Structures are given as structure tokens and as C-alpha cells.
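Colleague: The following file, model_28.txt, comprises compact mmCIF, N, CA and C atoms:
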```
# COMPACT_ATOMS: atom_id res chain seq x y z
N MET A 1 -58.36 -12.63 -74.85
CA MET A 1 -57.65 -12.15 -73.69
C MET A 1 -58.59 -12.05 -72.48
N PHE A 2 -59.90 -11.89 -72.74
CA PHE A 2 -60.87 -11.77 -71.65
C PHE A 2 -60.89 -13.03 -70.79
N TRP A 3 -60.74 -14.21 -71.42
CA TRP A 3 -60.79 -15.46 -70.66
C TRP A 3 -59.64 -15.55 -69.67
N LEU A 4 -58.51 -14.88 -69.98
CA LEU A 4 -57.39 -14.90 -69.06
C LEU A 4 -57.71 -14.16 -67.77
N TRP A 5 -58.42 -13.03 -67.86
CA TRP A 5 -58.81 -12.28 -66.66
C TRP A 5 -59.82 -13.06 -65.85
N THR A 6 -60.78 -13.70 -66.51
CA THR A 6 -61.76 -14.48 -65.76
C THR A 6 -61.11 -15.71 -65.13
N LEU A 7 -60.13 -16.30 -65.82
CA LEU A 7 -59.43 -17.44 -65.25
C LEU A 7 -58.67 -17.02 -63.99
N LYS A 8 -58.01 -15.87 -64.04
CA LYS A 8 -57.28 -15.38 -62.88
C LYS A 8 -58.24 -15.12 -61.72
N GLU A 9 -59.40 -14.55 -62.02
CA GLU A 9 -60.38 -14.26 -60.97
C GLU A 9 -60.96 -15.55 -60.39
N ARG A 10 -61.21 -16.55 -61.25
CA ARG A 10 -61.74 -17.82 -60.76
C ARG A 10 -60.72 -18.56 -59.90
N LEU A 11 -59.45 -18.55 -60.32
CA LEU A 11 -58.41 -19.20 -59.52
C LEU A 11 -58.27 -18.52 -58.16
N LEU A 12 -58.33 -17.20 -58.16
CA LEU A 12 -58.25 -16.47 -56.90
C LEU A 12 -59.47 -16.76 -56.04
N THR A 13 -60.63 -16.88 -56.65
CA THR A 13 -61.86 -17.22 -55.92
C THR A 13 -61.72 -18.58 -55.24
N TYR A 14 -61.25 -19.58 -55.99
CA TYR A 14 -61.09 -20.91 -55.40
C TYR A 14 -60.01 -20.95 -54.34
N LEU A 15 -58.95 -20.18 -54.53
CA LEU A 15 -57.90 -20.12 -53.51
C LEU A 15 -58.44 -19.53 -52.21
N ILE A 16 -59.22 -18.46 -52.31
CA ILE A 16 -59.82 -17.84 -51.13
C ILE A 16 -60.83 -18.80 -50.50
N ALA A 17 -61.62 -19.48 -51.33
CA ALA A 17 -62.63 -20.42 -50.81
C ALA A 17 -61.97 -21.60 -50.09
N LEU A 18 -60.83 -22.05 -50.59
CA LEU A 18 -60.16 -23.18 -49.93
C LEU A 18 -59.54 -22.78 -48.61
N THR A 19 -59.24 -21.52 -48.42
CA THR A 19 -58.69 -21.08 -47.15
C THR A 19 -59.78 -20.71 -46.15
N ASP A 20 -61.03 -20.71 -46.60
CA ASP A 20 -62.14 -20.39 -45.72
C ASP A 20 -62.40 -21.56 -44.76
N PRO A 21 -62.63 -21.26 -43.48
CA PRO A 21 -62.87 -22.36 -42.52
C PRO A 21 -64.18 -23.10 -42.76
N ARG A 22 -65.12 -22.51 -43.50
CA ARG A 22 -66.39 -23.18 -43.78
C ARG A 22 -66.28 -24.24 -44.87
N THR A 23 -65.15 -24.27 -45.57
CA THR A 23 -64.94 -25.27 -46.61
C THR A 23 -64.62 -26.62 -45.97
N PRO A 24 -65.28 -27.69 -46.42
CA PRO A 24 -65.04 -29.00 -45.83
C PRO A 24 -63.60 -29.47 -46.04
N SER A 25 -63.13 -30.26 -45.11
CA SER A 25 -61.75 -30.77 -45.16
C SER A 25 -61.52 -31.66 -46.38
N VAL A 26 -62.55 -32.34 -46.84
CA VAL A 26 -62.41 -33.21 -48.00
C VAL A 26 -62.04 -32.40 -49.23
N GLY A 27 -62.67 -31.25 -49.40
CA GLY A 27 -62.35 -30.38 -50.53
C GLY A 27 -60.93 -29.87 -50.47
N LYS A 28 -60.51 -29.47 -49.29
CA LYS A 28 -59.14 -29.00 -49.12
C LYS A 28 -58.15 -30.13 -49.40
N LEU A 29 -58.47 -31.33 -48.94
CA LEU A 29 -57.60 -32.48 -49.14
C LEU A 29 -57.43 -32.79 -50.62
N PHE A 30 -58.53 -32.82 -51.39
CA PHE A 30 -58.44 -33.10 -52.82
C PHE A 30 -57.65 -32.03 -53.55
N ALA A 31 -57.81 -30.77 -53.18
CA ALA A 31 -57.05 -29.69 -53.82
C ALA A 31 -55.56 -29.83 -53.54
N VAL A 32 -55.22 -30.08 -52.29
CA VAL A 32 -53.81 -30.21 -51.92
C VAL A 32 -53.19 -31.44 -52.59
N LEU A 33 -53.89 -32.56 -52.58
CA LEU A 33 -53.36 -33.77 -53.21
C LEU A 33 -53.18 -33.60 -54.71
N SER A 34 -54.08 -32.88 -55.35
CA SER A 34 -53.96 -32.64 -56.80
C SER A 34 -52.73 -31.80 -57.10
N ILE A 35 -52.52 -30.75 -56.34
CA ILE A 35 -51.36 -29.88 -56.57
C ILE A 35 -50.06 -30.62 -56.24
N VAL A 36 -50.06 -31.40 -55.15
CA VAL A 36 -48.87 -32.17 -54.79
C VAL A 36 -48.55 -33.19 -55.88
N TYR A 37 -49.57 -33.85 -56.41
CA TYR A 37 -49.36 -34.82 -57.49
C TYR A 37 -48.78 -34.14 -58.72
N LEU A 38 -49.28 -32.95 -59.02
CA LEU A 38 -48.79 -32.21 -60.19
C LEU A 38 -47.31 -31.84 -60.02
N LEU A 39 -46.92 -31.42 -58.83
CA LEU A 39 -45.55 -30.99 -58.59
C LEU A 39 -44.61 -32.12 -58.20
N SER A 40 -45.15 -33.28 -57.90
CA SER A 40 -44.35 -34.40 -57.43
C SER A 40 -43.53 -35.01 -58.58
N PRO A 41 -42.30 -35.42 -58.28
CA PRO A 41 -41.51 -36.10 -59.31
C PRO A 41 -41.97 -37.54 -59.56
N ILE A 42 -42.81 -38.08 -58.68
CA ILE A 42 -43.32 -39.44 -58.85
C ILE A 42 -44.65 -39.37 -59.60
N ASP A 43 -44.71 -40.04 -60.74
CA ASP A 43 -45.91 -40.01 -61.57
C ASP A 43 -46.43 -41.41 -61.82
N GLY A 44 -47.68 -41.48 -62.24
CA GLY A 44 -48.27 -42.76 -62.60
C GLY A 44 -47.67 -43.30 -63.88
N LEU A 45 -47.43 -42.43 -64.83
CA LEU A 45 -46.76 -42.80 -66.08
C LEU A 45 -45.40 -42.12 -66.12
N ILE A 46 -44.48 -42.71 -66.83
CA ILE A 46 -43.12 -42.18 -66.88
C ILE A 46 -43.10 -40.92 -67.74
N ASP A 47 -42.45 -39.87 -67.22
CA ASP A 47 -42.38 -38.60 -67.96
C ASP A 47 -41.36 -38.62 -69.08
N THR A 48 -40.49 -39.63 -69.14
CA THR A 48 -39.48 -39.66 -70.20
C THR A 48 -40.08 -40.08 -71.54
N ILE A 49 -41.21 -40.76 -71.52
CA ILE A 49 -41.89 -41.11 -72.77
C ILE A 49 -42.62 -39.84 -73.24
N PRO A 50 -42.34 -39.38 -74.46
CA PRO A 50 -42.95 -38.14 -74.93
C PRO A 50 -44.48 -38.19 -74.87
N LEU A 51 -45.06 -37.21 -74.27
CA LEU A 51 -46.50 -36.99 -74.11
C LEU A 51 -47.20 -37.98 -73.18
N ALA A 52 -46.63 -39.15 -72.96
CA ALA A 52 -47.29 -40.13 -72.10
C ALA A 52 -47.27 -39.68 -70.65
N GLY A 53 -46.22 -39.01 -70.23
CA GLY A 53 -46.12 -38.55 -68.86
C GLY A 53 -47.09 -37.43 -68.52
N PHE A 54 -47.56 -36.74 -69.56
CA PHE A 54 -48.49 -35.64 -69.33
C PHE A 54 -49.95 -36.11 -69.29
N ILE A 55 -50.21 -37.30 -69.79
CA ILE A 55 -51.58 -37.79 -69.85
C ILE A 55 -52.16 -37.95 -68.45
N ASP A 56 -51.38 -38.52 -67.53
CA ASP A 56 -51.90 -38.69 -66.18
C ASP A 56 -52.09 -37.33 -65.50
N ASP A 57 -51.20 -36.38 -65.80
CA ASP A 57 -51.36 -35.04 -65.23
C ASP A 57 -52.62 -34.36 -65.78
N LEU A 58 -52.92 -34.59 -67.04
CA LEU A 58 -54.09 -33.96 -67.66
C LEU A 58 -55.40 -34.60 -67.24
N ILE A 59 -55.33 -35.77 -66.65
CA ILE A 59 -56.56 -36.45 -66.19
C ILE A 59 -56.72 -36.34 -64.68
N ILE A 60 -55.70 -36.69 -63.93
CA ILE A 60 -55.81 -36.78 -62.47
C ILE A 60 -55.94 -35.41 -61.82
N VAL A 61 -55.12 -34.46 -62.23
CA VAL A 61 -55.13 -33.14 -61.58
C VAL A 61 -56.46 -32.40 -61.80
N PRO A 62 -56.96 -32.28 -63.04
CA PRO A 62 -58.26 -31.61 -63.19
C PRO A 62 -59.40 -32.34 -62.49
N PHE A 63 -59.35 -33.68 -62.46
CA PHE A 63 -60.39 -34.44 -61.77
C PHE A 63 -60.37 -34.15 -60.28
N GLY A 64 -59.19 -34.12 -59.68
CA GLY A 64 -59.09 -33.81 -58.25
C GLY A 64 -59.54 -32.39 -57.93
N LEU A 65 -59.18 -31.44 -58.79
CA LEU A 65 -59.62 -30.06 -58.59
C LEU A 65 -61.12 -29.92 -58.81
N TRP A 66 -61.68 -30.70 -59.73
CA TRP A 66 -63.13 -30.65 -59.97
C TRP A 66 -63.88 -31.18 -58.74
N ILE A 67 -63.39 -32.29 -58.18
CA ILE A 67 -64.02 -32.82 -56.97
C ILE A 67 -63.92 -31.80 -55.84
N SER A 68 -62.76 -31.17 -55.72
CA SER A 68 -62.56 -30.16 -54.68
C SER A 68 -63.54 -29.00 -54.86
N SER A 69 -63.73 -28.55 -56.11
CA SER A 69 -64.63 -27.42 -56.34
C SER A 69 -66.08 -27.78 -56.07
N LYS A 70 -66.45 -29.05 -56.25
CA LYS A 70 -67.84 -29.47 -55.99
C LYS A 70 -68.15 -29.57 -54.51
N THR A 71 -67.14 -29.68 -53.67
CA THR A 71 -67.37 -29.80 -52.23
C THR A 71 -67.47 -28.44 -51.53
N ILE A 72 -67.14 -27.37 -52.25
CA ILE A 72 -67.20 -26.03 -51.65
C ILE A 72 -68.66 -25.56 -51.65
N PRO A 73 -69.18 -25.14 -50.51
CA PRO A 73 -70.56 -24.65 -50.46
C PRO A 73 -70.74 -23.37 -51.29
N LYS A 74 -71.96 -23.18 -51.80
CA LYS A 74 -72.25 -22.03 -52.68
C LYS A 74 -72.05 -20.70 -51.97
N ASP A 75 -72.44 -20.60 -50.70
CA ASP A 75 -72.28 -19.32 -50.00
C ASP A 75 -70.81 -18.98 -49.80
N VAL A 76 -69.97 -20.00 -49.61
CA VAL A 76 -68.53 -19.76 -49.48
C VAL A 76 -67.96 -19.27 -50.81
N LEU A 77 -68.43 -19.87 -51.92
CA LEU A 77 -67.97 -19.43 -53.23
C LEU A 77 -68.39 -18.00 -53.53
N LEU A 78 -69.62 -17.62 -53.15
CA LEU A 78 -70.07 -16.25 -53.39
C LEU A 78 -69.26 -15.25 -52.57
N ASP A 79 -69.00 -15.58 -51.30
CA ASP A 79 -68.17 -14.70 -50.48
C ASP A 79 -66.75 -14.60 -51.03
N ALA A 80 -66.22 -15.72 -51.49
CA ALA A 80 -64.87 -15.73 -52.04
C ALA A 80 -64.79 -14.94 -53.33
N ALA A 81 -65.86 -14.99 -54.14
CA ALA A 81 -65.88 -14.22 -55.39
C ALA A 81 -65.89 -12.71 -55.11
N GLU A 82 -66.62 -12.30 -54.08
CA GLU A 82 -66.63 -10.88 -53.71
C GLU A 82 -65.25 -10.45 -53.22
N ARG A 83 -64.61 -11.28 -52.40
CA ARG A 83 -63.28 -10.95 -51.91
C ARG A 83 -62.25 -10.95 -53.04
N ALA A 84 -62.42 -11.84 -54.03
CA ALA A 84 -61.49 -11.89 -55.16
C ALA A 84 -61.58 -10.63 -56.00
N LYS A 85 -62.79 -10.08 -56.13
CA LYS A 85 -62.94 -8.83 -56.88
C LYS A 85 -62.24 -7.68 -56.18
N LYS A 86 -62.23 -7.69 -54.85
CA LYS A 86 -61.52 -6.65 -54.10
C LYS A 86 -60.01 -6.77 -54.29
N TYR A 87 -59.52 -8.01 -54.29
CA TYR A 87 -58.08 -8.24 -54.41
C TYR A 87 -57.57 -8.09 -55.83
N ASN A 88 -58.47 -8.10 -56.80
CA ASN A 88 -58.05 -8.12 -58.19
C ASN A 88 -57.15 -6.94 -58.54
N GLY A 89 -57.49 -5.74 -58.10
CA GLY A 89 -56.66 -4.58 -58.38
C GLY A 89 -55.32 -4.65 -57.69
N LYS A 90 -55.31 -5.12 -56.45
CA LYS A 90 -54.06 -5.25 -55.70
C LYS A 90 -53.19 -6.34 -56.32
N LEU A 91 -53.82 -7.38 -56.83
CA LEU A 91 -53.08 -8.47 -57.45
C LEU A 91 -52.37 -8.00 -58.71
N ASN A 92 -53.02 -7.12 -59.48
CA ASN A 92 -52.38 -6.59 -60.68
C ASN A 92 -51.11 -5.84 -60.32
N PHE A 93 -51.14 -5.08 -59.22
CA PHE A 93 -49.96 -4.35 -58.77
C PHE A 93 -48.85 -5.30 -58.37
N VAL A 94 -49.20 -6.36 -57.67
CA VAL A 94 -48.21 -7.34 -57.23
C VAL A 94 -47.61 -8.07 -58.43
N VAL A 95 -48.45 -8.48 -59.37
CA VAL A 95 -47.96 -9.17 -60.56
C VAL A 95 -47.06 -8.25 -61.37
N GLY A 96 -47.43 -7.00 -61.49
CA GLY A 96 -46.59 -6.03 -62.22
C GLY A 96 -45.24 -5.86 -61.55
N GLY A 97 -45.23 -5.75 -60.24
CA GLY A 97 -43.97 -5.64 -59.51
C GLY A 97 -43.12 -6.88 -59.66
N LEU A 98 -43.76 -8.05 -59.61
CA LEU A 98 -43.04 -9.31 -59.75
C LEU A 98 -42.43 -9.43 -61.15
N LEU A 99 -43.18 -9.06 -62.16
CA LEU A 99 -42.66 -9.10 -63.53
C LEU A 99 -41.49 -8.14 -63.70
N THR A 100 -41.56 -6.98 -63.06
CA THR A 100 -40.46 -6.02 -63.12
C THR A 100 -39.20 -6.60 -62.49
N LEU A 101 -39.34 -7.23 -61.32
CA LEU A 101 -38.18 -7.84 -60.66
C LEU A 101 -37.60 -8.98 -61.49
N ILE A 102 -38.45 -9.80 -62.07
CA ILE A 102 -37.97 -10.91 -62.90
C ILE A 102 -37.23 -10.37 -64.12
N THR A 103 -37.75 -9.31 -64.73
CA THR A 103 -37.08 -8.71 -65.88
C THR A 103 -35.71 -8.17 -65.50
N ILE A 104 -35.61 -7.51 -64.35
CA ILE A 104 -34.33 -6.99 -63.89
C ILE A 104 -33.34 -8.12 -63.67
N TRP A 105 -33.77 -9.20 -63.03
CA TRP A 105 -32.89 -10.34 -62.79
C TRP A 105 -32.44 -10.97 -64.10
N ILE A 106 -33.32 -11.09 -65.06
CA ILE A 106 -32.94 -11.66 -66.35
C ILE A 106 -31.90 -10.77 -67.03
N LEU A 107 -32.10 -9.47 -66.99
CA LEU A 107 -31.13 -8.55 -67.58
C LEU A 107 -29.78 -8.64 -66.88
N VAL A 108 -29.78 -8.76 -65.56
CA VAL A 108 -28.52 -8.90 -64.82
C VAL A 108 -27.81 -10.20 -65.19
N VAL A 109 -28.54 -11.30 -65.26
CA VAL A 109 -27.93 -12.58 -65.61
C VAL A 109 -27.38 -12.55 -67.03
N VAL A 110 -28.15 -12.00 -67.98
CA VAL A 110 -27.68 -11.90 -69.37
C VAL A 110 -26.44 -11.02 -69.44
N GLY A 111 -26.44 -9.92 -68.71
CA GLY A 111 -25.27 -9.03 -68.70
C GLY A 111 -24.05 -9.73 -68.12
N LEU A 112 -24.22 -10.47 -67.03
CA LEU A 112 -23.09 -11.20 -66.45
C LEU A 112 -22.58 -12.30 -67.39
N LEU A 113 -23.50 -13.01 -68.03
CA LEU A 113 -23.09 -14.03 -69.00
C LEU A 113 -22.34 -13.41 -70.17
N TYR A 114 -22.83 -12.30 -70.66
CA TYR A 114 -22.16 -11.60 -71.75
C TYR A 114 -20.75 -11.19 -71.32
N PHE A 115 -20.62 -10.62 -70.14
CA PHE A 115 -19.32 -10.19 -69.62
C PHE A 115 -18.39 -11.40 -69.45
N LEU A 116 -18.90 -12.50 -68.91
CA LEU A 116 -18.11 -13.70 -68.68
C LEU A 116 -17.63 -14.31 -70.00
N ILE A 117 -18.52 -14.43 -70.96
CA ILE A 117 -18.15 -15.01 -72.25
C ILE A 117 -17.15 -14.11 -72.97
N ARG A 118 -17.37 -12.82 -72.92
CA ARG A 118 -16.47 -11.88 -73.58
C ARG A 118 -15.09 -11.90 -72.93
N THR A 119 -15.06 -12.04 -71.60
CA THR A 119 -13.78 -12.06 -70.88
C THR A 119 -13.02 -13.35 -71.15
N LEU A 120 -13.72 -14.48 -71.16
CA LEU A 120 -13.04 -15.76 -71.31
C LEU A 120 -12.65 -16.09 -72.75
N PHE A 121 -13.43 -15.70 -73.71
CA PHE A 121 -13.21 -16.16 -75.08
C PHE A 121 -12.70 -15.08 -76.02
N PHE A 122 -12.69 -13.83 -75.64
CA PHE A 122 -12.23 -12.78 -76.57
C PHE A 122 -11.15 -11.95 -75.98
```
How does this structure look as C-alpha cells?
Modeller:
Amino acid sequence: MFWLWTLKERLLTYLIALTDPRTPSVGKLFAVLSIVYLLSPIDGLIDTIPLAGFIDDLIIVPFGLWISSKTIPKDVLLDAAERAKKYNGKLNFVVGGLLTLITIWILVVVGLLYFLIRTLFF
């Protein structure tokens, strides 16, 4: 479970570093293109073939993010890591609130579905 906390802190560090004006545009470009490629419906391999559609995502996206992380200067990463540690406590509060809202919405949807099914079929 410890690796999950460090992963969250590292992702937050890189997110802060990419928004820093001292980060080169090339690094920002590779990060944005990697995320856009991951979320894009257009892929290099067809996603309908089982597991084949994920191979390009597992290669291209980490490679683009790796290139992006190598272009970030060390001093920017250190500053971003300090800022990420400050936000870490606030982020836990936000994530907890978000999970609470999602749980409430799921309960409301399940309750409405239950009511609808019971009304229509029984």
C-alpha cells in the first residue's frame, strides 16, 4: 500500500512540475501528446482485438511520459516535490469528499433503478 502513496505523490509532483513556467515546452508537449493519445479513440492498433489494442498504449504512453520527465530540470522537480508534500494533506480531503459524492450518486442510481424495476415488473 506504501507504493500507492508514493505514486500519488510522484504524479502530483510531475503535474506541478509540468505547470511550472521553467519547464521546457518540449516536456509539456510530450506529456500532453501522451495523455491525448491515451484518451483518443484513434489508436495505432485496433482495440477490438483482445489485448492487441493495449500494447500500443503500454508502449507509447509510458515512453512519452518518460521523455517528458527527462526534460524537466532538477531544480523544478525539487520545488514541485516540496509543493506536492504541502498539497498531499489537502488532496486527501478532496479525494475523500469526491469518493463520498460518488458513493451517494451510486446509491441514488441504484435506488432509482430498484424503484423503477419494482414498479414496472412487480
Colleague: Could you check the closest approach to A:Thr23 for each of A:Ile72, A:Leu78, A:Leu120, A:Val109 and tell me which residue wins, using all atoms listed in the file?
Modeller: A:Ile72
Colleague: With distances taken over all atoms listed in the file, which residue among A:Ala84, A:Leu15, A:Ile59, A:Leu65 lies nearest A:Ser34?
Modeller: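 Looking at the shortest contact to A:Ser34, the residue is A:Leu65.
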Colleague: So which residues touch A:Lys28 within 7 Å, counting only C-alpha atoms, skipping near sequence neighbours fewer than 4 positions away, as a PDB file with N, CA and C atoms, in the coordinates of the input?
Modeller:
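As written to disk, selection-v9.pdb reads:
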```pdb
ATOM      1  N   LEU A  18     -60.830 -22.050 -50.590  1.00  0.00           N
ATOM      2  CA  LEU A  18     -60.160 -23.180 -49.930  1.00  0.00           C
ATOM      3  C   LEU A  18     -59.540 -22.780 -48.610  1.00  0.00           C
ATOM      4  N   PRO A  24     -65.280 -27.690 -46.420  1.00  0.00           N
ATOM      5  CA  PRO A  24     -65.040 -29.000 -45.830  1.00  0.00           C
ATOM      6  C   PRO A  24     -63.600 -29.470 -46.040  1.00  0.00           C
ATOM      7  N   VAL A  32     -55.220 -30.080 -52.290  1.00  0.00           N
ATOM      8  CA  VAL A  32     -53.810 -30.210 -51.920  1.00  0.00           C
ATOM      9  C   VAL A  32     -53.190 -31.440 -52.590  1.00  0.00           C
ATOM     10  N   SER A  68     -62.760 -31.170 -55.720  1.00  0.00           N
ATOM     11  CA  SER A  68     -62.560 -30.160 -54.680  1.00  0.00           C
ATOM     12  C   SER A  68     -63.540 -29.000 -54.860  1.00  0.00           C
TER      13      SER A  68
END
```
Colleague: Calculate how many Å separate atom CA of A:Leu39 from atom CA of A:Trp105, rounding to one decimal.
Modeller: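 Separating atom CA of A:Leu39 from atom CA of A:Trp105 is a distance of 24.6 Å.
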Colleague: Counting only C-alpha atoms, I want the residues whose atoms come within 10 Å of (-64.1, -22.9, -53.3) in the file frame, returned as a ChimeraX atom specification.
Modeller: /A:10-20,22-24,27-28,31,65,68-81
Colleague: Mind giving me the straight-line distance from atom CA of A:Phe54 to atom C of A:Ser25 in Å, one decimal?
Modeller: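 Taking atom CA of A:Phe54 as the start and atom C of A:Ser25 as the end point, the length is 26.7 Å.
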Colleague: Have a look at A:Leu107, A:Leu99, A:Asp57, A:Lys8 and name the one nearest to A:Val36; count only C-alpha atoms.
Modeller: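 Nearest candidate to A:Val36 out of A:Leu107, A:Leu99, A:Asp57, A:Lys8: A:Asp57.
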